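Chemist: Just so it is clear, I am handing over structure.txt, which has compact mmCIF, C-alpha atoms and all ligand atoms.
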# COMPACT_ATOMS: atom_id res chain seq x y z
CA MET S 1 15.05 -8.59 25.30
CA LYS S 2 16.26 -5.21 23.99
CA ASN S 3 14.46 -1.88 24.34
CA ILE S 4 14.39 0.02 21.04
CA VAL S 5 13.05 3.57 20.67
CA ILE S 6 11.62 4.27 17.22
CA ALA S 7 10.71 7.91 16.66
CA GLY S 8 8.32 7.95 13.70
CA GLY S 9 7.74 4.20 13.92
CA THR S 10 4.14 4.32 12.73
CA LYS S 11 4.41 4.84 8.95
CA GLY S 12 6.76 4.19 6.04
CA ILE S 13 10.31 3.12 6.88
CA GLY S 14 9.75 3.48 10.65
CA ALA S 15 6.68 1.21 10.59
CA GLU S 16 8.71 -1.45 8.78
CA ILE S 17 11.49 -1.13 11.38
CA THR S 18 8.94 -1.47 14.21
CA SER S 19 7.42 -4.57 12.63
CA ARG S 20 10.82 -6.25 12.15
CA ILE S 21 11.93 -5.48 15.71
CA LEU S 22 8.71 -6.97 17.11
CA LYS S 23 9.28 -10.11 14.98
CA ASN S 24 12.78 -10.38 16.50
CA GLY S 25 11.17 -10.45 19.97
CA ASP S 26 12.48 -7.09 21.18
CA ARG S 27 10.47 -4.29 22.79
CA CYS S 28 9.49 -1.14 20.83
CA PHE S 29 8.89 2.32 22.28
CA VAL S 30 7.28 4.19 19.39
CA TYR S 31 6.79 7.97 19.22
CA ALA S 32 4.82 9.87 16.55
CA ARG S 33 1.91 12.28 16.40
CA GLU S 34 -0.63 9.54 15.65
CA GLN S 35 -0.79 5.80 16.13
CA HIS S 36 -2.00 5.03 12.55
CA ASP S 37 -2.04 1.25 11.85
CA LEU S 38 0.34 0.28 14.64
CA PRO S 39 -0.59 -3.25 15.78
CA ASP S 40 -1.67 -4.10 19.33
CA HIS S 41 1.31 -5.98 20.70
CA GLU S 42 2.46 -6.77 24.24
CA ASN S 43 6.00 -5.57 23.39
CA LEU S 44 4.92 -2.26 21.91
CA VAL S 45 4.38 1.02 23.76
CA PHE S 46 3.11 4.06 21.82
CA ASN S 47 3.34 7.68 22.96
CA SER S 48 2.06 10.65 21.02
CA ILE S 49 4.51 13.51 20.53
CA ASP S 50 5.17 16.20 17.93
CA PHE S 51 8.92 16.52 17.40
CA ALA S 52 8.44 19.79 15.51
CA LEU S 53 7.28 21.50 18.71
CA SER S 54 9.60 22.74 21.41
CA GLY S 55 9.79 20.96 24.75
CA ASP S 56 12.21 18.47 26.24
CA GLY S 57 11.92 14.87 27.20
CA LEU S 58 10.13 11.79 25.95
CA PRO S 59 7.28 10.38 28.05
CA GLY S 60 7.37 6.69 28.97
CA LEU S 61 11.04 5.97 28.26
CA PRO S 62 12.40 2.77 29.83
CA GLU S 63 15.43 2.97 32.18
CA GLN S 64 17.66 1.35 29.60
CA VAL S 65 17.53 2.03 25.85
CA ASP S 66 19.57 -0.31 23.64
CA ALA S 67 18.95 1.57 20.40
CA LEU S 68 17.29 4.70 19.05
CA VAL S 69 16.11 5.21 15.48
CA TYR S 70 14.91 8.72 14.55
CA CYS S 71 12.74 8.63 11.39
CA PRO S 72 10.62 11.83 11.20
CA GLY S 73 11.59 13.89 8.19
CA SER S 74 10.36 15.65 5.09
CA ILE S 75 10.68 15.89 1.31
CA ASN S 76 9.80 19.39 0.13
CA LEU S 77 11.14 19.94 -3.36
CA ALA S 78 10.94 23.42 -4.88
CA PRO S 79 13.01 25.96 -6.85
CA PHE S 80 15.36 27.70 -4.42
CA HIS S 81 14.11 31.24 -5.19
CA ARG S 82 10.57 30.26 -4.19
CA ILE S 83 11.41 28.73 -0.81
CA LYS S 84 10.60 31.05 2.08
CA LEU S 85 13.06 31.27 4.95
CA ASN S 86 10.52 29.77 7.34
CA ALA S 87 10.27 26.67 5.12
CA PHE S 88 14.02 26.15 5.65
CA GLU S 89 13.40 26.57 9.38
CA ASP S 90 10.57 24.02 9.32
CA GLU S 91 12.78 21.43 7.59
CA PHE S 92 15.52 22.06 10.15
CA ARG S 93 13.07 21.78 13.05
CA ILE S 94 11.68 18.33 12.20
CA ASN S 95 14.81 16.78 10.69
CA VAL S 96 17.51 18.14 12.98
CA LEU S 97 16.13 19.71 16.17
CA GLY S 98 13.66 16.84 16.61
CA ALA S 99 16.56 14.38 16.37
CA VAL S 100 18.65 16.41 18.83
CA LYS S 101 15.75 16.52 21.30
CA CYS S 102 15.20 12.78 20.97
CA ILE S 103 18.88 11.86 21.35
CA GLN S 104 19.30 14.13 24.39
CA ALA S 105 16.23 12.59 26.04
CA CYS S 106 17.52 9.04 25.42
CA LEU S 107 21.19 9.58 26.32
CA PRO S 108 21.04 8.62 30.03
CA ALA S 109 19.15 5.42 29.16
CA LEU S 110 21.46 4.65 26.20
CA LYS S 111 24.46 4.89 28.52
CA LYS S 112 23.01 2.04 30.59
CA ALA S 113 22.94 -0.37 27.61
CA GLU S 114 25.73 -2.82 26.82
CA SER S 115 26.17 -1.88 23.15
CA PRO S 116 23.99 1.16 22.37
CA SER S 117 23.37 2.36 18.83
CA VAL S 118 21.68 5.41 17.31
CA VAL S 119 20.47 5.53 13.70
CA LEU S 120 19.52 8.79 11.97
CA PHE S 121 18.20 9.51 8.45
CA SER S 122 19.85 11.62 5.78
CA THR S 123 19.12 11.51 2.03
CA VAL S 124 21.10 10.65 -1.09
CA ALA S 125 20.63 14.31 -2.08
CA VAL S 126 23.26 15.49 0.42
CA GLN S 127 26.31 13.87 -1.20
CA THR S 128 24.87 14.09 -4.73
CA GLY S 129 23.63 17.51 -5.84
CA MET S 130 20.04 17.34 -7.10
CA PRO S 131 17.96 20.32 -8.29
CA PHE S 132 15.10 21.55 -6.06
CA HIS S 133 16.51 19.78 -2.98
CA SER S 134 18.08 22.85 -1.32
CA SER S 135 15.96 22.95 1.85
CA ILE S 136 15.95 19.20 2.55
CA SER S 137 19.62 18.71 1.66
CA SER S 138 20.59 21.60 3.97
CA ALA S 139 18.76 19.99 6.88
CA LYS S 140 19.98 16.48 6.14
CA GLY S 141 23.53 17.80 5.68
CA ALA S 142 23.26 18.90 9.30
CA ILE S 143 22.20 15.37 10.22
CA GLU S 144 25.34 13.98 8.60
CA GLY S 145 27.49 16.43 10.58
CA LEU S 146 25.61 15.59 13.78
CA THR S 147 26.09 11.86 13.16
CA ARG S 148 29.86 12.07 12.76
CA SER S 149 30.29 14.56 15.58
CA LEU S 150 28.29 12.51 18.10
CA ALA S 151 29.99 9.30 16.94
CA ALA S 152 33.31 10.87 17.92
CA GLU S 153 32.05 12.45 21.13
CA TYR S 154 30.44 9.26 22.47
CA ALA S 155 32.85 6.65 21.10
CA SER S 156 34.51 6.33 24.51
CA SER S 157 31.05 5.76 26.07
CA GLY S 158 30.49 2.95 23.55
CA ILE S 159 27.50 4.62 21.85
CA ARG S 160 27.56 4.20 18.07
CA PHE S 161 25.98 6.79 15.74
CA ASN S 162 25.31 6.13 12.05
CA ALA S 163 23.00 7.58 9.41
CA ILE S 164 21.24 6.00 6.46
CA ALA S 165 20.97 8.06 3.26
CA PRO S 166 18.11 6.55 1.25
CA SER S 167 17.07 7.33 -2.28
CA LEU S 168 13.39 7.57 -3.23
CA THR S 169 11.44 5.07 -1.10
CA ASP S 170 7.81 4.04 -1.52
CA THR S 171 6.32 5.50 1.69
CA PRO S 172 3.52 7.97 2.56
CA LEU S 173 6.16 10.74 2.59
CA ALA S 174 7.06 10.07 -1.05
CA SER S 175 3.49 9.45 -2.23
CA LYS S 176 3.30 12.63 -4.35
CA LEU S 177 6.48 11.67 -6.19
CA LEU S 178 5.12 8.20 -6.97
CA SER S 179 1.47 9.07 -7.57
CA SER S 180 1.11 7.80 -11.17
CA PRO S 181 2.41 4.84 -13.20
CA GLU S 182 4.44 7.32 -15.32
CA LYS S 183 6.14 8.86 -12.28
CA ARG S 184 6.86 5.40 -10.84
CA GLU S 185 8.41 4.22 -14.09
CA ALA S 186 10.54 7.36 -14.53
CA SER S 187 11.73 7.16 -10.90
CA ALA S 188 12.63 3.49 -11.25
CA LYS S 189 14.58 4.19 -14.47
CA ARG S 190 16.67 6.91 -12.82
CA HIS S 191 18.23 4.30 -10.51
CA PRO S 192 21.09 2.15 -11.88
CA LEU S 193 19.46 -0.89 -10.23
CA GLY S 194 16.25 -0.15 -12.14
CA ARG S 195 13.87 0.45 -9.26
CA PHE S 196 13.17 2.78 -6.34
CA ALA S 197 13.37 1.49 -2.76
CA ASN S 198 10.69 -0.19 -0.70
CA PRO S 199 10.59 0.37 3.09
CA GLY S 200 12.07 -3.09 3.66
CA ASP S 201 15.28 -2.16 1.78
CA ILE S 202 15.90 0.67 4.23
CA ALA S 203 14.60 -1.08 7.35
CA ALA S 204 17.04 -3.96 6.74
CA ALA S 205 19.95 -1.50 6.89
CA ALA S 206 18.59 0.08 10.10
CA LEU S 207 18.18 -3.36 11.72
CA PHE S 208 21.80 -4.15 10.86
CA LEU S 209 23.01 -0.85 12.36
CA ILE S 210 21.20 -1.43 15.67
CA SER S 211 22.39 -5.05 15.89
CA GLN S 212 25.58 -6.50 17.34
CA GLU S 213 26.58 -7.43 13.78
CA SER S 214 27.55 -3.77 13.27
CA SER S 215 29.34 -3.33 16.61
CA PHE S 216 32.51 -2.03 14.82
CA VAL S 217 30.62 0.54 12.71
CA SER S 218 30.24 4.16 13.82
CA GLY S 219 30.25 7.60 12.21
CA GLN S 220 29.13 6.22 8.84
CA ILE S 221 26.65 7.63 6.35
CA TRP S 222 25.33 4.62 4.46
CA GLY S 223 23.75 5.19 1.04
CA ILE S 224 20.92 2.73 0.41
CA ASP S 225 20.07 4.13 -2.97
CA GLY S 226 20.00 1.62 -5.83
CA GLY S 227 23.34 3.04 -7.00
CA ILE S 228 22.01 6.51 -7.83
CA GLY S 229 24.45 8.25 -5.46
CA ASN S 230 27.72 6.80 -6.79
CA LEU S 231 27.25 5.09 -10.14
CA ARG S 232 27.25 6.62 -13.59
CA MET S 233 25.88 4.35 -16.30
CA VAL S 234 27.84 5.21 -19.47
N1 LIG E 301 10.67 8.22 1.52
C1 LIG E 301 11.73 8.69 0.84
O1 LIG E 301 11.74 8.71 -0.41
C2 LIG E 301 12.95 9.17 1.58
C3 LIG E 301 14.10 9.51 0.82
C4 LIG E 301 15.21 9.99 1.50
C5 LIG E 301 15.20 10.15 2.87
N2 LIG E 301 14.07 9.81 3.57
C6 LIG E 301 14.08 9.99 5.03
O2 LIG E 301 13.76 8.78 5.67
C7 LIG E 301 13.06 9.06 6.90
C8 LIG E 301 11.77 8.24 6.96
O3 LIG E 301 10.95 8.63 5.86
P1 LIG E 301 9.54 7.97 5.51
O4 LIG E 301 9.41 8.10 4.05
O5 LIG E 301 9.40 6.65 6.16
O6 LIG E 301 8.54 9.03 6.23
P2 LIG E 301 6.96 8.91 6.54
O7 LIG E 301 6.33 7.89 5.68
O8 LIG E 301 6.43 10.31 6.47
O9 LIG E 301 6.93 8.45 8.07
C9 LIG E 301 7.45 9.36 9.02
C10 LIG E 301 7.15 8.92 10.44
O10 LIG E 301 7.53 9.99 11.32
C11 LIG E 301 6.37 10.48 12.03
N3 LIG E 301 6.43 11.94 12.10
C12 LIG E 301 6.46 12.82 11.06
N4 LIG E 301 6.45 14.08 11.52
C13 LIG E 301 6.45 13.98 12.88
C14 LIG E 301 6.43 14.95 13.92
N5 LIG E 301 6.40 16.28 13.67
N6 LIG E 301 6.44 14.52 15.21
C15 LIG E 301 6.43 13.19 15.48
N7 LIG E 301 6.44 12.23 14.54
C16 LIG E 301 6.45 12.63 13.25
C17 LIG E 301 5.16 9.99 11.22
O11 LIG E 301 3.97 9.83 12.01
P3 LIG E 301 2.94 11.06 12.25
O12 LIG E 301 2.77 11.73 10.92
O13 LIG E 301 1.69 10.47 12.80
O14 LIG E 301 3.58 11.96 13.25
C18 LIG E 301 5.68 8.65 10.73
O15 LIG E 301 5.56 7.67 11.74
C19 LIG E 301 12.82 10.58 6.91
O16 LIG E 301 13.77 11.20 7.74
C20 LIG E 301 13.02 11.00 5.47
O17 LIG E 301 13.45 12.33 5.34
C21 LIG E 301 12.95 9.32 2.95
Take the structure I supplied and represent it as structure tokens, if you would.
Ligand SMILES: NC(=O)c1ccc[n+]([C@@H]2O[C@H](COP(=O)([O-])OP(=O)(O)OC[C@H]3O[C@@H](n4cnc5c(N)ncnc54)[C@H](OP(=O)(O)O)[C@@H]3O)[C@@H](O)[C@H]2O)c1

Modeler:
Amino acid sequence: MKNIVIAGGTKGIGAEITSRILKNGDRCFVYAREQHDLPDHENLVFNSIDFALSGDGLPGLPEQVDALVYCPGSINLAPFHRIKLNAFEDEFRINVLGAVKCIQACLPALKKAESPSVVLFSTVAVQTGMPFHSSISSAKGAIEGLTRSLAAEYASSGIRFNAIAPSLTDTPLASKLLSSPEKREASAKRHPLGRFANPGDIAAAALFLISQESSFVSGQIWGIDGGIGNLRMV
């Protein structure tokens, strides 16, 4: 049985990842501020933590961690000239520094695993310029750099690092962007595949990246985006 740490495993994409891991029979160590609708399960341990606050360490970590998935993030879209400097700092704190803190806390336990894997989250808006995304794409751009850098640094230790870059996904985080039938239809139409993502689309990619099936994959940024990042429909 594997030990998987899921930071932000209580809602949206993270909750779907937690649920799939439990179905596979592995053990989940979930961290978020609140427990939300997390099920009672013998293989699930929840600890409350706020990754936006300073402080090191994760309470209740097992001795060996086979995989870490860091999900906490944000979507704050606004015209660049209206975004205060501290809003950029806030995005950086939860998306990047929270991930750094989590990875550093898990490293000793990851090193004890046979084939450890770390999965981080970027956004399609890093590789494809999109208006009003300056603060989130700056922070997620840092995640992409962190992913590749750590993949290189820890390759000889056998720890794999990859990031998923989703497009719009139907989660609590994206609820404002999908709050009416009109917005849902317009968002679906923007994607070459004719729909936005559901949490299962993204969780499936994360499950692959923490599995042995991806044991030759590291340093990749994987767009799970209905084609919006790379395809132009002429
Ligand atoms: N949804 C999208 O359209 C979309 C698109 C591109 C990229 N992404 C990225 O994909 C990742 C997952 O997104 P999602 O839509 O699943 O997000 P979500 O629905 O907001 O879920 C985020 C999870 O992280 C936890 N979390 C948030 N802030 C936290 C904090 N300060 N400390 C500890 N835990 C915290 C939440 O629980 P608590 O609130 O209880 O702490 C929750 O479990 C994010 O990195 C996001 O930027 C999402």

Chemist: Considering only C-alpha atoms, can you say which of S:Gln35, S:Asn95, S:Thr169, S:Asn162 comes closest to Leu209 (chain S)?

Modeler: S:Asn162

Chemist: CA of Pro131 (chain S) and CA of Glu185 (chain S), how far apart in Å?

Modeler: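 We find that CA of Glu185 (chain S) and CA of Pro131 (chain S) lie 19.6 Å from each other.
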
Chemist: Can you work out which residues are within 6 Å of ligand LIG 301 (chain E), considering all atoms listed in the file, and then hand them over as number ranges by chain?

Modeler: S: 8-14, 32-34, 49-52, 71-74, 94, 121-123, 166-174

Chemist: Calculate how many Å separate CA of Glu153 (chain S) from CA of Ser115 (chain S), rounding to one decimal.

Modeler: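 Rounded to one decimal, the two atoms are 15.6 Å apart.
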
Chemist: For Asp37 (chain S), which of S:Pro116, S:Val100, S:Leu58, S:Ala15 is the closest residue, counting all atoms listed in the file?

Modeler: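 Among S:Pro116, S:Val100, S:Leu58, S:Ala15, it is S:Ala15 that comes nearest to Asp37 (chain S).
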
Chemist: Mind pulling up the distance from CA of Asp56 (chain S) to CA of Ala155 (chain S)?

Modeler: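 Distance reported for this atom pair: 24.3 Å.
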
Chemist: Near Ile224 (chain S), counting only C-alpha atoms, which residues have an atom at most 9 Å away, once you skip same-chain residues fewer than 6 positions from it, shown as a list of chain:residue names?

Modeler: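 With the cut-off at 9 Å, the set is S:Val124, S:Ile164, S:Ala165, S:Pro166, S:Ser167, S:Ala197, S:Asp201, S:Ile202, S:Ala205.
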
Chemist: Nearest to Ser134 (chain S) among S:Gly57, S:Pro39, S:Gly194, S:Pro79, with distances taken over all atoms listed in the file: which residue is it?

Modeler: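 Answer, going by the shortest atom-to-atom distance: S:Pro79.
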
Chemist: Report, as lines of an AutoDock Vina configuration file, the axis-aligned box around all atoms of region 108-123 of chain S present in the file, extended by 3 Å on each side; give centre and edge lengths in Å to one decimal place.

Modeler:
center_x = 22.2
center_y = 4.4
center_z = 16.3
size_x = 14.0
size_y = 20.4
size_z = 34.6

Chemist: Nearest to Glu91 (chain S) among S:Thr128, S:Ser135, S:Ser48, S:Gln212, with distances taken over all atoms listed in the file: which residue is it?

Modeler: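 Of all the options, S:Ser135 lies closest to Glu91 (chain S).
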